[in-house]
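Before any comments, here is the structure.
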Amino acid sequence: MSHLHCLLILDKDTPRLGTPEFVDDLISAEIPDYPSDQATPAARQQKRLYDQVVKYNLHDCNEWCLVDRKCNKRFPKEFAFETSMSRKRRHTLLTSFKPRL
Ligand SMILES: [Zn+2]
């Protein structure tokens with residue numbers, strides 16, 4: 001599963017720079033839909049994408065991150081329904097979650 005670690009240098013005059021809406025236009029952090037019907041090639045591809053995201057892009061605590069039975073990556077983290085940004089943190093919380101209906 002491809003994913004990207006990157007540093008973007010943006011023009012400070014970019015409209016909406018520093019807003020959650022701007023981040024949402026650039027980055028998606030959602031679990032793809034699981035197809036109910038896998039009869040078509042597109043649905044099978046969607047299932048493969050879902051399987052890869054769940055397998056490789058979700059943190060699962062193990063002996064590498066657990067210190068005194070606590071995750072040193074600070075997981076689990078709560079899902080967020082919206083992208084949020086905080087000046088208190090050194091990074092931007094990009095978590096978004098699309099609830100399954
Ligand atoms: Zn962990």
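By convention here, the chains of the structure tokens are called A, B, ... in the order presented, each chain's residues are numbered starting at 1, and ligands are numbered starting at 1 in the order presented.
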* Asked: Residues at most 6 Å from ligand 1, using only C-alpha atoms and all ligand atoms? Could they come as JSON, numbers by chain?
  -> {"A": [60, 61, 65, 66, 71, 73, 75]}
When DSSP is applied to the backbone of this structure, which of chain A are assigned helix (DSSP H, G or I)? Write them out as a JSON list (two decimals) with C-alpha atoms, in the first residue's frame.
```
[["chain", "number", "residue", "atom", "x", "y", "z"],
["A", 20, "PRO", "CA", -9.06, 22.19, 7.86],
["A", 21, "GLU", "CA", -10.79, 22.65, 4.51],
["A", 22, "PHE", "CA", -7.44, 23.28, 2.83],
["A", 23, "VAL", "CA", -6.00, 20.10, 4.37],
["A", 24, "ASP", "CA", -9.07, 18.09, 3.34],
["A", 25, "ASP", "CA", -8.57, 19.19, -0.26],
["A", 26, "LEU", "CA", -5.05, 17.70, -0.23],
["A", 41, "PRO", "CA", -13.50, -5.94, -11.44],
["A", 42, "ALA", "CA", -14.01, -2.48, -9.92],
["A", 43, "ALA", "CA", -15.58, -3.98, -6.79],
["A", 44, "ARG", "CA", -12.77, -6.53, -6.47],
["A", 45, "GLN", "CA", -10.24, -3.71, -6.79],
["A", 46, "GLN", "CA", -12.15, -1.75, -4.12],
["A", 47, "LYS", "CA", -11.96, -4.81, -1.80],
["A", 48, "ARG", "CA", -8.20, -5.12, -2.40],
["A", 49, "LEU", "CA", -7.80, -1.43, -1.55],
["A", 50, "TYR", "CA", -9.86, -1.83, 1.62],
["A", 51, "ASP", "CA", -7.83, -4.90, 2.67],
["A", 52, "GLN", "CA", -4.51, -3.13, 2.06],
["A", 53, "VAL", "CA", -5.51, 0.02, 3.97],
["A", 54, "VAL", "CA", -6.76, -1.99, 6.95],
["A", 55, "LYS", "CA", -3.68, -4.24, 6.93],
["A", 56, "TYR", "CA", -0.95, -1.62, 6.41]]
```
